[in-house]
>>> print(open('target10.txt').read())   # compact mmCIF, C-alpha atoms
# COMPACT_ATOMS: atom_id res chain seq x y z
CA MET A 1 -39.82 26.32 -1.00
CA ALA A 2 -38.24 28.53 -3.64
CA THR A 3 -36.86 32.06 -3.56
CA TYR A 4 -37.82 34.35 -6.44
CA VAL A 5 -36.36 37.69 -7.43
CA LEU A 6 -38.51 39.33 -10.10
CA VAL A 7 -37.19 42.28 -12.10
CA PRO A 8 -39.58 44.30 -14.30
CA GLY A 9 -39.03 45.83 -17.71
CA ALA A 10 -38.57 49.45 -18.77
CA CYS A 11 -40.77 52.06 -17.08
CA HIS A 12 -42.24 49.51 -14.65
CA GLY A 13 -41.78 48.87 -10.93
CA GLY A 14 -42.18 45.81 -8.74
CA TRP A 15 -45.92 46.47 -8.74
CA TRP A 16 -46.10 44.83 -12.21
CA TYR A 17 -45.59 41.46 -10.50
CA ASP A 18 -48.01 42.07 -7.59
CA ASP A 19 -50.68 39.52 -8.51
CA ILE A 20 -48.33 36.73 -9.47
CA ALA A 21 -46.09 37.43 -6.47
CA ALA A 22 -49.14 37.09 -4.21
CA GLU A 23 -49.91 33.67 -5.68
CA LEU A 24 -46.33 32.48 -5.27
CA ARG A 25 -46.26 33.70 -1.65
CA GLY A 26 -49.60 31.99 -1.06
CA ALA A 27 -47.96 28.74 -2.11
CA GLY A 28 -45.24 29.28 0.50
CA HIS A 29 -42.48 30.75 -1.67
CA SER A 30 -40.33 33.80 -0.89
CA VAL A 31 -40.71 36.58 -3.48
CA HIS A 32 -38.82 39.84 -3.98
CA ALA A 33 -40.39 42.00 -6.72
CA MET A 34 -37.95 44.81 -7.36
CA THR A 35 -38.36 48.46 -8.27
CA LEU A 36 -35.01 49.50 -9.69
CA THR A 37 -33.30 52.82 -8.94
CA GLY A 38 -34.90 55.70 -10.83
CA LEU A 39 -38.18 53.85 -11.39
CA GLY A 40 -39.93 54.95 -8.23
CA PRO A 41 -42.38 57.88 -8.19
CA GLN A 42 -40.66 61.23 -8.70
CA GLU A 43 -37.15 59.73 -8.80
CA SER A 44 -34.52 61.43 -10.93
CA ALA A 45 -32.86 59.41 -13.70
CA ALA A 46 -29.67 61.47 -13.67
CA GLY A 47 -26.56 59.34 -13.27
CA ILE A 48 -28.41 56.01 -13.48
CA ASN A 49 -27.10 53.43 -15.93
CA LEU A 50 -27.20 49.67 -16.44
CA ASP A 51 -24.52 49.12 -13.79
CA THR A 52 -26.77 50.91 -11.27
CA HIS A 53 -29.57 48.41 -11.88
CA ILE A 54 -27.25 45.42 -11.78
CA ASP A 55 -25.91 46.72 -8.46
CA ASP A 56 -29.49 47.05 -7.13
CA VAL A 57 -30.13 43.34 -7.58
CA VAL A 58 -26.69 42.16 -6.44
CA ARG A 59 -27.08 44.26 -3.30
CA LEU A 60 -30.41 42.59 -2.52
CA LEU A 61 -29.00 39.09 -3.03
CA GLU A 62 -26.02 39.80 -0.80
CA SER A 63 -27.75 41.83 1.91
CA GLU A 64 -30.50 39.21 2.31
CA ASP A 65 -28.04 36.35 1.72
CA LEU A 66 -30.34 34.88 -0.92
CA ARG A 67 -29.24 31.61 -2.51
CA ASP A 68 -30.68 29.11 -5.00
CA VAL A 69 -32.61 32.03 -6.46
CA VAL A 70 -34.94 31.94 -9.44
CA LEU A 71 -33.96 35.25 -11.04
CA CYS A 72 -36.57 36.42 -13.53
CA GLY A 73 -36.32 39.43 -15.84
CA HIS A 74 -38.94 40.69 -18.26
CA SER A 75 -38.07 42.71 -21.37
CA TYR A 76 -35.31 45.28 -20.59
CA ALA A 77 -34.59 43.43 -17.33
CA GLY A 78 -32.95 40.65 -19.31
CA MET A 79 -29.95 42.98 -19.50
CA VAL A 80 -30.01 43.38 -15.74
CA ILE A 81 -30.30 39.74 -14.77
CA ALA A 82 -27.53 38.76 -17.19
CA GLY A 83 -25.21 41.19 -15.45
CA VAL A 84 -26.27 39.95 -12.02
CA ALA A 85 -25.69 36.33 -13.03
CA ASP A 86 -22.20 37.23 -14.20
CA ARG A 87 -21.41 38.87 -10.86
CA VAL A 88 -22.88 36.28 -8.45
CA PRO A 89 -23.63 33.05 -10.35
CA GLU A 90 -23.22 31.03 -7.16
CA ARG A 91 -26.41 32.59 -5.73
CA ILE A 92 -28.65 31.76 -8.70
CA LYS A 93 -30.37 28.45 -9.44
CA THR A 94 -32.36 29.48 -12.51
CA LEU A 95 -32.03 32.45 -14.84
CA LEU A 96 -35.38 33.15 -16.50
CA HIS A 97 -35.54 35.64 -19.38
CA VAL A 98 -39.19 36.39 -20.21
CA ASP A 99 -39.53 37.97 -23.66
CA ALA A 100 -36.34 39.76 -22.82
CA PHE A 101 -32.86 40.67 -23.90
CA ALA A 102 -30.26 37.93 -23.33
CA PRO A 103 -27.07 39.86 -24.11
CA GLU A 104 -23.56 38.82 -24.93
CA ASP A 105 -20.50 40.75 -23.81
CA GLY A 106 -20.49 44.27 -25.26
CA ASP A 107 -24.18 44.34 -26.15
CA SER A 108 -26.57 47.07 -25.07
CA ALA A 109 -30.31 47.41 -25.40
CA TRP A 110 -29.53 50.08 -27.99
CA SER A 111 -27.25 47.83 -30.07
CA LEU A 112 -29.82 45.02 -29.97
CA THR A 113 -32.65 47.22 -31.30
CA SER A 114 -33.31 49.69 -34.09
CA GLY A 115 -36.05 51.70 -35.76
CA PHE A 116 -39.15 52.08 -33.61
CA TRP A 117 -37.26 51.27 -30.41
CA HIS A 118 -34.53 53.85 -31.03
CA ASP A 119 -37.24 56.40 -31.76
CA TRP A 120 -38.84 55.61 -28.42
CA TYR A 121 -35.65 55.62 -26.37
CA ALA A 122 -34.01 58.71 -27.84
CA GLY A 123 -37.09 60.62 -28.93
CA GLY A 124 -38.87 59.99 -25.65
CA ALA A 125 -36.02 61.55 -23.63
CA GLY A 126 -36.54 65.07 -24.91
CA ALA A 127 -38.05 66.37 -21.67
CA ASP A 128 -34.84 66.22 -19.62
CA GLY A 129 -32.34 64.20 -21.65
CA PHE A 130 -32.04 61.65 -18.85
CA ALA A 131 -35.15 59.47 -19.17
CA PHE A 132 -37.59 58.46 -21.89
CA ALA A 133 -41.31 58.70 -21.33
CA PRO A 134 -43.54 55.60 -21.14
CA LEU A 135 -45.55 54.71 -24.23
CA PRO A 136 -49.20 55.81 -23.99
CA ILE A 137 -50.38 52.18 -24.18
CA LEU A 138 -48.60 51.24 -20.96
CA ASP A 139 -50.10 51.13 -17.46
CA GLU A 140 -50.83 54.52 -15.91
CA ARG A 141 -48.40 53.71 -13.10
CA THR A 142 -45.41 53.55 -15.44
CA VAL A 143 -42.73 56.22 -15.13
CA PRO A 144 -39.92 57.58 -17.33
CA HIS A 145 -37.01 55.17 -17.69
CA PRO A 146 -33.31 56.14 -17.41
CA LEU A 147 -31.94 56.39 -20.95
CA ALA A 148 -28.35 55.45 -20.02
CA THR A 149 -29.52 51.98 -18.97
CA MET A 150 -30.31 51.37 -22.64
CA THR A 151 -27.14 52.78 -24.13
CA GLN A 152 -24.51 51.38 -21.74
CA GLN A 153 -22.75 48.25 -22.99
CA ILE A 154 -22.82 45.26 -20.67
CA ARG A 155 -19.57 43.64 -19.61
CA LEU A 156 -19.78 39.87 -19.13
CA THR A 157 -16.87 37.66 -18.13
CA GLY A 158 -18.71 34.43 -18.96
CA ALA A 159 -19.40 33.57 -15.32
CA HIS A 160 -23.16 33.83 -16.00
CA ARG A 161 -22.87 30.57 -17.94
CA ARG A 162 -22.23 28.78 -14.64
CA VAL A 163 -25.85 29.24 -13.59
CA PRO A 164 -27.25 25.67 -13.58
CA ARG A 165 -30.44 26.43 -15.51
CA ARG A 166 -31.11 29.10 -18.12
CA GLU A 167 -34.57 29.55 -19.60
CA TYR A 168 -36.02 31.79 -22.30
CA VAL A 169 -39.67 32.58 -23.03
CA TYR A 170 -40.47 34.14 -26.40
CA CYS A 171 -43.86 35.77 -27.06
CA THR A 172 -44.60 35.13 -30.70
CA GLU A 173 -47.35 37.72 -31.24
CA PHE A 174 -45.42 40.77 -30.01
CA GLU A 175 -45.57 43.15 -32.97
CA ASN A 176 -42.17 44.52 -34.04
CA SER A 177 -40.54 42.43 -31.31
CA PRO A 178 -36.95 43.35 -30.51
CA PHE A 179 -36.43 39.81 -29.18
CA THR A 180 -36.89 37.74 -32.34
CA GLN A 181 -33.17 37.75 -33.05
CA THR A 182 -32.45 36.58 -29.50
CA TYR A 183 -34.99 33.77 -29.82
CA GLU A 184 -33.46 32.63 -33.11
CA ARG A 185 -30.00 32.60 -31.51
CA LEU A 186 -31.06 30.59 -28.46
CA LYS A 187 -33.74 28.18 -29.68
CA ASP A 188 -31.28 25.47 -30.74
CA ASP A 189 -28.68 26.16 -28.05
CA PRO A 190 -28.55 23.11 -25.74
CA SER A 191 -27.49 25.27 -22.79
CA TRP A 192 -30.89 27.04 -22.87
CA HIS A 193 -34.42 25.76 -22.38
CA VAL A 194 -36.53 27.81 -24.80
CA ARG A 195 -40.32 27.90 -25.05
CA THR A 196 -42.84 30.07 -26.90
CA LEU A 197 -46.21 31.55 -26.03
CA PRO A 198 -48.71 32.77 -28.68
CA ILE A 199 -49.25 36.13 -27.00
CA SER A 200 -47.99 39.68 -27.18
CA HIS A 201 -45.52 41.17 -24.69
CA ASN A 202 -47.52 41.59 -21.47
CA ILE A 203 -47.36 38.05 -20.13
CA VAL A 204 -48.92 38.98 -16.77
CA ARG A 205 -52.05 40.30 -18.46
CA GLU A 206 -52.27 37.85 -21.36
CA ALA A 207 -51.03 34.55 -19.96
CA PHE A 208 -51.12 34.77 -16.18
CA ASP A 209 -51.65 31.05 -15.58
CA ASP A 210 -48.91 30.09 -18.04
CA PHE A 211 -46.52 32.53 -16.40
CA ARG A 212 -47.26 31.16 -12.93
CA GLU A 213 -46.56 27.63 -14.14
CA ILE A 214 -43.34 28.72 -15.84
CA LEU A 215 -42.15 30.31 -12.61
CA LEU A 216 -43.09 27.27 -10.55
CA ASP A 217 -41.38 24.96 -13.01
CA ALA A 218 -38.24 27.11 -12.90
CA ALA A 219 -37.89 26.28 -9.21
>>> encode(input="target10.txt", output="structure tokens")
Amino acid sequence: MATYVLVPGACHGGWWYDDIAAELRGAGHSVHAMTLTGLGPQESAAGINLDTHIDDVVRLLESEDLRDVVLCGHSYAGMVIAGVADRVPERIKTLLHVDAFAPEDGDSAWSLTSGFWHDWYAGGAGADGFAFAPLPILDERTVPHPLATMTQQIRLTGAHRRVPRREYVYCTEFENSPFTQTYERLKDDPSWHVRTLPISHNIVREAFDDFREILLDAA
């Protein structure tokens, strides 16, 4: 049986994976759906950056001694799982970026986006300067997201390339997608297995069965 660690995107907690995690557990797999620091109810975003979130996941892998992990990150969490894979590649079997950032050394979510996304990140942080508010279209359970996680540059040594299997899922109908450039960079790279889905960004809501099969295949 496989071990999954599922990391959600901006403004979301582990609850976003609840239904799919339940199905995976029902099939006998071990699943850890993470809520990163600052993304719980009433948590402060002060002092939280990308390194904080990378540390969250590394700490879980080490404290639970998890190995041969399928590490999945959606959207923003692509930044996180890349950093984790660079720190502890020996613990990861498959790195699965789902309509997500797949950064190179020195990238940040800010440097990989522009326009609408910058307006959301920076403009949405006016309340306290630490976190940007969820978009109105998102689930009512979403919470403000720490702004510094978007602006901090990631530092990668190249160790993440030692993960045996790296997969990318690109959602082709996501309007104004910040991930098109990433897809174009990876689609012909033989070190990645890249697939597309004709949906918008919320793969759990729009392509639940496809997502379950992608996760099972990744194991």
>>> atom_distance(input="target10.txt", atom1="atom CA of A:Gly26", atom2="atom CA of A:Val204")
17.2 Å
>>> closest_residue(input="target10.txt", among="A:Gly14, A:Pro178, A:Leu6, A:Arg195", to="A:Gly115", atoms="all atoms listed in the file")
A:Pro178
>>> closest_residue(input="target10.txt", among="A:Gly126, A:Pro103, A:Pro164, A:Pro198", to="A:Arg91", atoms="only C-alpha atoms")
A:Pro164
>>> closest_atom_pairs(input="target10.txt", of="stretch 36-72 of chain A", to="stretch 166-174 of chain A", cutoff="10 Å", atoms="all atoms listed in the file", output="JSON lines")
{"residue": "A:Val70", "atom": "CA", "partner": "A:Arg166", "partner_atom": "CA", "distance": 9.9}
{"residue": "A:Leu71", "atom": "CA", "partner": "A:Arg166", "partner_atom": "CA", "distance": 9.8}
{"residue": "A:Cys72", "atom": "CA", "partner": "A:Glu167", "partner_atom": "CA", "distance": 9.4}
>>> atom_distance(input="target10.txt", atom1="atom CA of A:Arg155", atom2="atom CA of A:His12")
23.9 Å
>>> atom_distance(input="target10.txt", atom1="atom CA of A:His53", atom2="atom CA of A:His74")
13.7 Å
>>> closest_residue(input="target10.txt", among="A:Ala125, A:Leu95, A:Ile81, A:Leu39", to="A:Val58", atoms="only C-alpha atoms")
A:Ile81
>>> closest_residue(input="target10.txt", among="A:Ala77, A:Leu156, A:Leu138, A:Met150", to="A:Thr113", atoms="only C-alpha atoms")
A:Met150
>>> closest_residue(input="target10.txt", among="A:Thr3, A:Thr94, A:Asn49, A:Thr37", to="A:Arg162", atoms="all atoms listed in the file")
A:Thr94
>>> residues_around(input="target10.txt", residues="A:Glu175", least_positions_apart="4", cutoff="12 Å", atoms="only C-alpha atoms", output="MDAnalysis selection string")
chainID A and resid 116:117 171 179:180 198:202
>>> closest_residue(input="target10.txt", among="A:Leu216, A:Trp192, A:Ala46, A:Val98", to="A:Gly28", atoms="all atoms listed in the file")
A:Leu216
